[in-house]
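So this block is final_10.txt, compact mmCIF, C-alpha atoms:
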```txt
# COMPACT_ATOMS: atom_id res chain seq x y z
CA MET A 1 0.00 0.00 0.00
CA SER A 2 1.41 3.35 -0.98
CA ASN A 3 0.06 5.14 2.03
CA ALA A 4 2.63 7.89 2.09
CA GLN A 5 1.00 9.64 -0.85
CA GLU A 6 -0.54 13.03 -0.25
CA LEU A 7 -4.23 13.31 -1.08
CA ALA A 8 -4.96 15.90 -3.72
CA VAL A 9 -8.14 17.86 -4.21
CA ARG A 10 -10.27 16.78 -7.10
CA GLU A 11 -13.22 18.76 -8.36
CA LYS A 12 -16.45 16.80 -8.07
CA GLN A 13 -17.54 15.50 -11.44
CA GLU A 14 -20.85 16.88 -12.60
CA LEU A 15 -23.33 14.78 -14.52
CA VAL A 16 -23.48 15.83 -18.16
CA GLY A 17 -25.20 14.68 -21.32
CA LYS A 18 -27.13 11.46 -21.23
CA GLY A 19 -29.33 11.04 -18.22
CA GLU A 20 -29.97 14.73 -17.78
CA LYS A 21 -32.69 15.48 -15.28
CA THR A 22 -35.91 17.39 -15.83
CA VAL A 23 -35.53 19.20 -12.54
CA PRO A 24 -32.91 21.90 -12.18
CA GLY A 25 -29.94 21.40 -9.94
CA ARG A 26 -26.61 19.67 -10.05
CA TYR A 27 -26.08 15.95 -10.03
CA TYR A 28 -22.70 14.43 -9.43
CA VAL A 29 -21.08 11.27 -10.69
CA PRO A 30 -19.59 9.32 -7.78
CA TYR A 31 -16.05 8.00 -8.06
CA ALA A 32 -16.07 4.24 -8.37
CA ASP A 33 -13.74 1.26 -8.07
CA ILE A 34 -14.75 -1.95 -9.77
CA PHE A 35 -13.04 -5.27 -9.34
CA GLU A 36 -13.79 -8.83 -10.22
CA THR A 37 -12.97 -11.98 -8.35
CA ASP A 38 -13.62 -15.58 -9.35
CA ASP A 39 -17.20 -15.50 -8.19
CA ALA A 40 -18.32 -11.89 -7.97
CA LEU A 41 -18.10 -8.41 -9.40
CA THR A 42 -17.76 -5.68 -6.77
CA LEU A 43 -18.49 -1.99 -7.19
CA VAL A 44 -17.33 0.52 -4.61
CA MET A 45 -18.72 4.04 -4.88
CA GLU A 46 -18.17 7.22 -2.87
CA ILE A 47 -21.45 8.91 -2.07
CA ALA A 48 -20.73 11.13 0.91
CA GLY A 49 -23.82 12.40 2.71
CA VAL A 50 -26.30 9.87 1.35
CA GLU A 51 -28.27 8.00 4.00
CA LYS A 52 -29.39 4.43 3.61
CA GLN A 53 -33.06 5.28 3.11
CA ASN A 54 -32.25 7.76 0.34
CA LEU A 55 -30.32 5.29 -1.74
CA ASP A 56 -31.78 3.44 -4.68
CA VAL A 57 -30.00 0.64 -6.52
CA SER A 58 -31.64 -1.11 -9.45
CA LEU A 59 -30.61 -3.63 -12.09
CA GLU A 60 -32.65 -3.78 -15.25
CA ASN A 61 -31.63 -5.12 -18.67
CA ASP A 62 -28.01 -5.45 -17.54
CA VAL A 63 -27.94 -1.79 -16.52
CA LEU A 64 -27.03 -1.22 -12.93
CA ARG A 65 -28.16 2.12 -11.64
CA VAL A 66 -27.31 3.84 -8.41
CA ASP A 67 -29.22 6.89 -7.24
CA GLY A 68 -28.32 8.61 -3.99
CA ARG A 69 -30.15 11.63 -2.73
CA ILE A 70 -28.79 14.18 -0.31
CA ASP A 71 -30.97 15.43 2.51
CA PHE A 72 -30.87 19.19 2.05
CA ALA A 73 -32.96 19.84 5.15
CA LYS A 74 -29.74 19.57 7.16
CA TYR A 75 -28.57 22.84 5.64
CA ASP A 76 -31.62 24.74 6.90
CA GLY A 77 -30.73 27.94 8.64
CA MET A 78 -27.08 27.70 7.62
CA GLU A 79 -25.65 30.64 5.81
CA PRO A 80 -22.61 29.92 3.61
CA LEU A 81 -19.58 32.10 4.29
CA TYR A 82 -16.91 30.31 2.32
CA THR A 83 -17.27 27.26 0.12
CA GLU A 84 -14.93 25.00 -1.80
CA TYR A 85 -17.32 22.36 -3.10
CA ASN A 86 -20.94 22.10 -4.06
CA VAL A 87 -23.43 19.49 -2.94
CA GLY A 88 -25.91 17.54 -5.02
CA HIS A 89 -27.46 14.16 -5.55
CA TYR A 90 -25.40 11.34 -6.98
CA THR A 91 -26.26 9.17 -9.93
CA ARG A 92 -24.32 6.69 -12.00
CA SER A 93 -25.14 3.67 -14.11
CA PHE A 94 -23.09 0.85 -15.58
CA THR A 95 -23.88 -1.66 -18.27
CA LEU A 96 -22.79 -5.02 -16.99
CA SER A 97 -21.05 -7.38 -19.30
CA ASN A 98 -21.14 -10.30 -16.91
CA LYS A 99 -24.16 -12.41 -16.21
CA ILE A 100 -25.18 -11.66 -12.65
CA ASP A 101 -27.09 -13.74 -10.18
CA GLN A 102 -29.71 -11.09 -9.54
CA GLU A 103 -31.18 -12.81 -6.51
CA HIS A 104 -28.03 -12.52 -4.45
CA ILE A 105 -26.82 -8.96 -4.95
CA SER A 106 -25.78 -7.43 -1.67
CA ALA A 107 -25.25 -3.78 -0.78
CA GLN A 108 -23.43 -2.22 2.13
CA LEU A 109 -23.16 1.45 3.01
CA ASP A 110 -20.37 2.49 5.36
CA ASP A 111 -18.99 5.97 5.99
CA GLY A 112 -20.32 7.31 2.70
CA VAL A 113 -19.00 4.40 0.66
CA LEU A 114 -21.37 2.01 -1.06
CA THR A 115 -20.14 -1.50 -1.75
CA LEU A 116 -22.20 -3.60 -4.14
CA THR A 117 -21.37 -7.26 -4.49
CA LEU A 118 -22.81 -8.83 -7.59
CA PRO A 119 -22.32 -12.59 -7.59
CA LYS A 120 -21.76 -14.03 -11.05
CA ALA A 121 -24.33 -16.42 -12.38
CA LYS A 122 -23.17 -20.04 -12.29
CA GLU A 123 -22.86 -20.33 -16.07
CA ALA A 124 -20.76 -17.15 -16.23
CA GLN A 125 -18.06 -18.28 -13.80
CA SER A 126 -14.85 -19.09 -15.53
CA ARG A 127 -13.95 -22.72 -15.81
CA ARG A 128 -10.56 -24.19 -16.33
CA ILE A 129 -10.52 -26.10 -19.55
CA SER A 130 -8.38 -29.15 -19.46
CA ILE A 131 -6.67 -30.01 -22.68
CA GLY A 132 -7.16 -33.61 -23.49
CA MET B 1 -45.66 33.25 -0.66
CA ALA B 2 -45.60 29.48 -1.10
CA LEU B 3 -47.33 27.43 1.57
CA PHE B 4 -45.36 24.32 0.69
CA PRO B 5 -41.72 24.87 -0.12
CA ASP B 6 -40.68 23.05 -3.24
CA PRO B 7 -37.88 20.57 -2.41
CA PHE B 8 -36.23 21.18 -5.79
CA ASP B 9 -36.31 24.86 -5.15
CA THR B 10 -34.46 24.38 -1.87
CA LEU B 11 -31.84 22.32 -3.65
CA LEU B 12 -31.32 24.92 -6.34
CA THR B 13 -31.19 27.77 -3.85
CA LEU B 14 -28.59 25.98 -1.74
CA GLN B 15 -26.49 25.04 -4.76
CA GLN B 16 -26.57 28.60 -6.05
CA ALA B 17 -25.69 29.95 -2.63
CA LEU B 18 -22.76 27.56 -2.35
CA GLU B 19 -21.59 28.49 -5.82
CA SER B 20 -21.62 32.21 -5.18
CA PHE B 21 -19.41 31.86 -2.12
CA ARG B 22 -16.78 29.80 -3.87
CA SER B 23 -13.31 31.13 -3.36
CA SER B 24 -14.41 34.11 -1.36
CA GLY B 25 -11.51 35.41 0.69
CA TRP B 26 -12.96 34.44 4.05
CA LEU B 27 -10.34 31.84 4.91
CA GLY B 28 -7.73 33.43 2.70
CA SER B 29 -5.32 34.41 5.43
CA GLY B 30 -4.95 30.87 6.81
CA PRO B 31 -1.80 28.79 6.40
CA SER B 32 -3.53 26.51 3.91
CA GLY B 33 -6.43 28.70 3.00
CA GLY B 34 -7.51 27.03 -0.19
CA GLY B 35 -6.69 24.18 -2.50
CA ALA B 36 -5.72 21.65 0.14
CA TYR B 37 -7.50 18.37 0.83
CA PRO B 38 -10.17 18.06 2.10
CA PRO B 39 -12.28 20.79 0.50
CA MET B 40 -14.29 22.62 3.14
CA ASN B 41 -17.50 24.59 3.31
CA VAL B 42 -17.94 27.08 6.11
CA PHE B 43 -21.39 28.09 7.29
CA ARG B 44 -22.73 30.41 9.89
CA LYS B 45 -25.67 29.47 12.03
CA GLY B 46 -26.71 32.19 14.41
CA ASP B 47 -23.55 33.15 16.28
CA ASP B 48 -21.77 29.86 15.61
CA PHE B 49 -19.75 28.50 12.73
CA ILE B 50 -19.91 25.11 11.07
CA ILE B 51 -17.23 23.56 8.88
CA VAL B 52 -18.48 20.75 6.67
CA THR B 53 -16.19 18.51 4.66
CA GLU B 54 -16.67 15.34 2.63
CA LEU B 55 -14.40 12.47 3.60
CA PRO B 56 -16.01 9.33 2.22
CA GLY B 57 -14.37 6.04 3.08
CA LEU B 58 -12.49 7.28 6.08
CA LYS B 59 -12.65 5.47 9.37
CA LYS B 60 -13.39 7.52 12.45
CA SER B 61 -10.26 6.12 14.06
CA ASP B 62 -8.13 7.43 11.18
CA LEU B 63 -9.35 10.96 11.65
CA ASP B 64 -7.60 13.53 13.81
CA VAL B 65 -9.24 16.86 14.58
CA GLN B 66 -7.44 19.48 16.65
CA VAL B 67 -8.44 22.95 17.72
CA LYS B 68 -6.00 25.51 19.04
CA GLY B 69 -6.85 29.16 19.43
CA ASN B 70 -8.80 29.97 16.36
CA SER B 71 -7.18 27.45 14.08
CA VAL B 72 -8.60 24.04 13.25
CA ARG B 73 -6.57 21.14 11.96
CA VAL B 74 -8.02 18.13 10.21
CA ALA B 75 -5.64 15.29 9.45
CA GLY B 76 -5.94 11.63 8.63
CA SER B 77 -5.33 8.95 6.11
CA LYS B 78 -7.55 7.02 3.79
CA THR B 79 -6.90 3.61 2.38
CA VAL B 80 -8.40 1.87 -0.60
CA SER B 81 -7.77 -1.82 -0.80
CA PHE B 82 -8.59 -4.63 -3.18
CA PRO B 83 -8.77 -8.29 -2.27
CA ASP B 84 -6.01 -10.60 -3.43
CA LYS B 85 -6.57 -12.35 -6.71
CA SER B 86 -8.93 -9.76 -8.08
CA ALA B 87 -8.97 -8.16 -11.50
CA VAL B 88 -9.41 -4.39 -11.21
CA HIS B 89 -11.65 -2.91 -13.88
CA ARG B 90 -11.81 0.65 -12.67
CA ARG B 91 -9.81 2.54 -10.13
CA GLU B 92 -11.02 6.07 -9.50
CA ARG B 93 -11.01 6.43 -5.74
CA LEU B 94 -7.93 8.05 -4.29
CA ALA B 95 -6.10 7.02 -1.18
CA GLY B 96 -3.46 8.76 0.85
CA ARG B 97 -2.94 10.99 3.81
CA PHE B 98 -3.93 14.58 4.36
CA ASP B 99 -3.30 17.33 6.85
CA ARG B 100 -4.99 20.67 6.64
CA ALA B 101 -5.09 23.57 9.02
CA VAL B 102 -7.29 26.59 8.65
CA THR B 103 -7.39 29.75 10.69
CA LEU B 104 -10.75 31.30 11.24
CA PRO B 105 -11.05 35.08 11.19
CA VAL B 106 -13.16 34.91 14.37
CA GLN B 107 -12.44 33.82 17.92
CA ILE B 108 -13.88 30.44 18.78
CA ASP B 109 -14.44 28.76 22.10
CA PRO B 110 -12.18 25.65 21.90
CA ASN B 111 -13.97 23.95 24.79
CA GLY B 112 -17.30 24.03 23.04
CA VAL B 113 -16.18 22.54 19.73
CA LYS B 114 -18.06 19.45 18.65
CA ALA B 115 -17.18 17.10 15.79
CA GLU B 116 -19.53 14.71 14.10
CA TYR B 117 -18.70 12.18 11.39
CA ARG B 118 -21.57 10.45 9.63
CA ASP B 119 -22.09 8.98 6.16
CA GLY B 120 -18.68 10.21 5.08
CA ILE B 121 -19.33 13.82 6.11
CA LEU B 122 -17.38 15.53 8.87
CA ALA B 123 -19.10 18.46 10.54
CA LEU B 124 -17.31 20.67 13.05
CA PHE B 125 -19.44 22.88 15.23
CA LEU B 126 -17.44 25.88 16.36
CA PRO B 127 -19.11 28.18 18.87
CA ARG B 128 -18.06 31.77 18.72
CA ALA B 129 -16.20 32.91 21.81
CA GLU B 130 -18.29 35.00 24.18
CA GLN B 131 -15.87 37.95 24.09
CA ASP B 132 -15.93 37.97 20.29
CA LYS B 133 -19.69 38.27 19.95
CA PRO B 134 -20.92 41.62 18.73
CA ARG B 135 -22.59 43.87 21.27
CA SER B 136 -25.30 46.37 20.47
CA ILE B 137 -24.41 49.87 21.43
CA GLN B 138 -27.14 52.08 22.68
CA VAL B 139 -27.18 55.34 20.79
CA ALA B 140 -27.60 58.10 23.32
```

I need this file expressed as structure tokens, please.
Amino acid sequence: MSNAQELAVREKQELVGKGEKTVPGRYYVPYADIFETDDALTLVMEIAGVEKQNLDVSLENDVLRVDGRIDFAKYDGMEPLYTEYNVGHYTRSFTLSNKIDQEHISAQLDDGVLTLTLPKAKEAQSRRISIG
Amino acid sequence: MALFPDPFDTLLTLQQALESFRSSGWLGSGPSGGGAYPPMNVFRKGDDFIIVTELPGLKKSDLDVQVKGNSVRVAGSKTVSFPDKSAVHRRERLAGRFDRAVTLPVQIDPNGVKAEYRDGILALFLPRAEQDKPRSIQVA
């Protein structure tokens, strides 16, 4: 682990183009890590400020969609003096190329990080082919 | 005017308000006034000040918040790990350590500072020091 590295500031990525919303306001694209093991595909997404009940994950026609809404009521009565980032809802979708066992998808939200584990369908798991 | 506030309206108003205060000089005189990680938003609520910053994926135990005089220091480190024998398709999340100190242009009461970390958001509640609060002067 290269832990000695200094963290740099990155501007939050705004949602553009496809998937534009009908309501005004900014939407952001969460940063994501995706990795695959022998039996599952795992997505890790950073959605700071989204509570469990305001999170929506759906899988339809191989498109996995994550929608996280921010609770703006928390900012009531707060007057900004100095700001370095903006806040908004998060949305991102991925088209999955693997066959997923839809019944056993699991989601975990910890400290603003969403971890989705998508187990591969039995027929999609790689098999070692023995050469006869 | 409106009996029921429109939730989208609130969102837009907040976003516009946040935008218009971007890079105002409020924290400008601090040692690391701007551009350092983590990005911060400073709000005022009544007499008190609130610093909000997004630190997703950080463990509470890896976070160090210090207050001295009217400067606040937020330091910590964030790790991103992958299991062994995994094929990484995308790697966008950053890991590393950070250390940022900001000096507020107001006096705060260090004993009354509260920190809260939830859902990847760190909020620091900084009460304004009693002697720094404005007093109304009676015009004779």

What are the centre and the three edge lengths of an axis-aligned box that wraps all atoms of stretch 78-93 of chain B in the file, given that 6 Å is added to every side, written as AutoDock Vina command-line options and rounded to one decimal in Å?
```
--center_x -8.9 --center_y -2.7 --center_z -5.0 --size_x 17.8 --size_y 31.4 --size_z 29.7
```

Exercise for review: Return the neighbours of chain B among the residues of chain A, cut-off 9 Å, counting all atoms listed in the file, as an MDAnalysis selection string.
Suggested key: chainID A and resid 1:10 23:26 31:38 44:52 72:73 75 77:88 109:113

Point to revise | Near-A:Tyr90 list (9 Å; only C-alpha atoms; drop same-chain fewer than 5 positions) as a ChimeraX atom specification | key: /A:15,26-30,47,50,66-70

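As for atom CA of A:Pro119 and atom CA of A:Gln53, they are spaced 23.4 Å apart.
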
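Our summary of the geometry notes that atom CA of A:Asp62 is positioned 14.7 Å from atom CA of A:Leu116.
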
Exercise for review: Write out as a list in words each polymer residue whose atoms come within 9 Å of A:Asn98, counting only C-alpha atoms; drop sequence neighbours fewer than 4 positions from it.
Suggested key: Leu41, Asp62, Lys120, Ala121 and Ala124 of chain A

Selection to disk with C-alpha atoms, as a PDB file, in the coordinates of the input:
```pdb
ATOM      1  CA  LEU A  41     -18.100  -8.410  -9.400  1.00  0.00           C
ATOM      2  CA  ASP A  62     -28.010  -5.450 -17.540  1.00  0.00           C
ATOM      3  CA  LYS A 120     -21.760 -14.030 -11.050  1.00  0.00           C
ATOM      4  CA  ALA A 121     -24.330 -16.420 -12.380  1.00  0.00           C
ATOM      5  CA  ALA A 124     -20.760 -17.150 -16.230  1.00  0.00           C
TER       6      ALA A 124
END
```

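Pairwise distance (atom CA of A:Asp39, atom CA of A:Val63) equals 19.3 Å.
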
Point to revise | Nearby residues (all atoms listed in the file) at most 7 Å from stretch 69-75 of chain B, same-chain spacing under 3 positions excluded, as a ChimeraX atom specification | key: /B:63-66,98-104,106-108,110

Saved selection, atoms kept: C-alpha atoms, as a PDB file, in the frame of the given file:
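Contents of the output file result_1.pdb:
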```
ATOM      1  CA  LEU B  63      -9.350  10.960  11.650  1.00  0.00           C
ATOM      2  CA  ASP B  64      -7.600  13.530  13.810  1.00  0.00           C
ATOM      3  CA  VAL B  65      -9.240  16.860  14.580  1.00  0.00           C
ATOM      4  CA  GLN B  66      -7.440  19.480  16.650  1.00  0.00           C
ATOM      5  CA  PHE B  98      -3.930  14.580   4.360  1.00  0.00           C
ATOM      6  CA  ASP B  99      -3.300  17.330   6.850  1.00  0.00           C
ATOM      7  CA  ARG B 100      -4.990  20.670   6.640  1.00  0.00           C
ATOM      8  CA  ALA B 101      -5.090  23.570   9.020  1.00  0.00           C
ATOM      9  CA  VAL B 102      -7.290  26.590   8.650  1.00  0.00           C
ATOM     10  CA  THR B 103      -7.390  29.750  10.690  1.00  0.00           C
ATOM     11  CA  LEU B 104     -10.750  31.300  11.240  1.00  0.00           C
ATOM     12  CA  VAL B 106     -13.160  34.910  14.370  1.00  0.00           C
ATOM     13  CA  GLN B 107     -12.440  33.820  17.920  1.00  0.00           C
ATOM     14  CA  ILE B 108     -13.880  30.440  18.780  1.00  0.00           C
ATOM     15  CA  PRO B 110     -12.180  25.650  21.900  1.00  0.00           C
TER      16      PRO B 110
END
```
